[in-house]
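Trainee: Below are the structure tokens for one structure; questions will follow.
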Amino acid sequence: MVRAARPVALFILGITGLLVAYHALRLLARLVLRFRAPAELRVSSAGVTLISRTELLGRTLREREQHVPVGSLVRAAREVRYPSLPIYAGLAALALGSYFGLRLFTEGVLAGAPEFLAMGAAAILLGVAADFVLESAVAGARGRCRVILVPQRGPTIAVGELDRAAADAALERLRGR
């Protein structure tokens, strides 16, 4: 379970670099200390029940059950995070490969050096190949998403790493009431 951050706080944490430090420490804790925070989302006609645990080194430190009645639920939505990240990375690889490749290729033509021509062509091909692989990764990516619950009172709740079909089915059941 993840508490959704407010935009201003997220902006300040991002500018100061604390956001990077937070995620680095969290990754370290997950790898070294086997820190886990699994959550289960149950949807019924009465509302949404969230059961979450905090585990460290395989032991449960805290278990929490939170119920949000249907009447006090302002918004429930599915969100796919960073769906365009591989596309942007592919475009960056294409731009870098084109820039350095054309530069080497041009210097090879001006100097009459076939090794620069070959390195330039290889850099361009490498950029195109990286772009193709990264953009193709979007189509083959697993459908993972998170569900955002906004109650009238209390913090916004985000449950991550859910299957898209299961999240859609739960939200449809919630809409059907």
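In the structure tokens, chains take the letters A, B, ... in the order shown, each chain's residues start at 1, and ligands count up from 1 in the order shown.
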Near segment 111-120 of chain A, counting only C-alpha atoms, which residues have an atom at most 12 Å away, once you skip same-chain residues fewer than 2 positions from it, shown as a count of residues only?

Mentor: 20

Trainee: Compile the contact shell of Ile148 of chain A as a list of chain:residue names: residues with an atom at most 8 Å away, counting only C-alpha atoms, same-chain residues fewer than 3 positions apart removed.

Mentor: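 Final neighbour list, sorted by chain and number: A:Arg75, A:Ala76, A:Ala77, A:Arg78, A:Glu79, A:Thr156, A:Ile157, A:Ala158, A:Val159.
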
Trainee: I'd like the contact shell of Gly176 of chain A - 10 Å cut-off, only C-alpha atoms, skipping same-chain residues fewer than 5 positions apart - returned as a PyMOL selection string.

Mentor: chain A and resi 45+170-171

Trainee: Go ahead and write the selection's residues with N, CA, C and O atoms as a short mmCIF file (atom, residue, chain, number, x, y, z; two decimals), in the first residue's frame.

Mentor:
data_model
loop_
_atom_site.label_atom_id
_atom_site.label_comp_id
_atom_site.auth_asym_id
_atom_site.auth_seq_id
_atom_site.Cartn_x
_atom_site.Cartn_y
_atom_site.Cartn_z
N SER A 45 -20.58 -4.56 -1.78
CA SER A 45 -21.64 -3.55 -1.93
C SER A 45 -21.58 -2.52 -0.81
O SER A 45 -22.07 -1.40 -0.96
N ALA A 170 -12.80 -5.10 -10.23
CA ALA A 170 -13.14 -4.57 -8.92
C ALA A 170 -13.80 -3.21 -9.04
O ALA A 170 -14.80 -2.92 -8.35
N LEU A 171 -13.30 -2.35 -9.90
CA LEU A 171 -13.90 -1.02 -10.07
C LEU A 171 -15.28 -1.10 -10.71
O LEU A 171 -16.18 -0.33 -10.39
#

Trainee: In Å, with one decimal, what is the gap from atom CA of Pro38 of chain A to atom CA of Cys145 of chain A?

Mentor: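 About the pair atom CA of Pro38 of chain A and atom CA of Cys145 of chain A: they are 14.7 Å apart.
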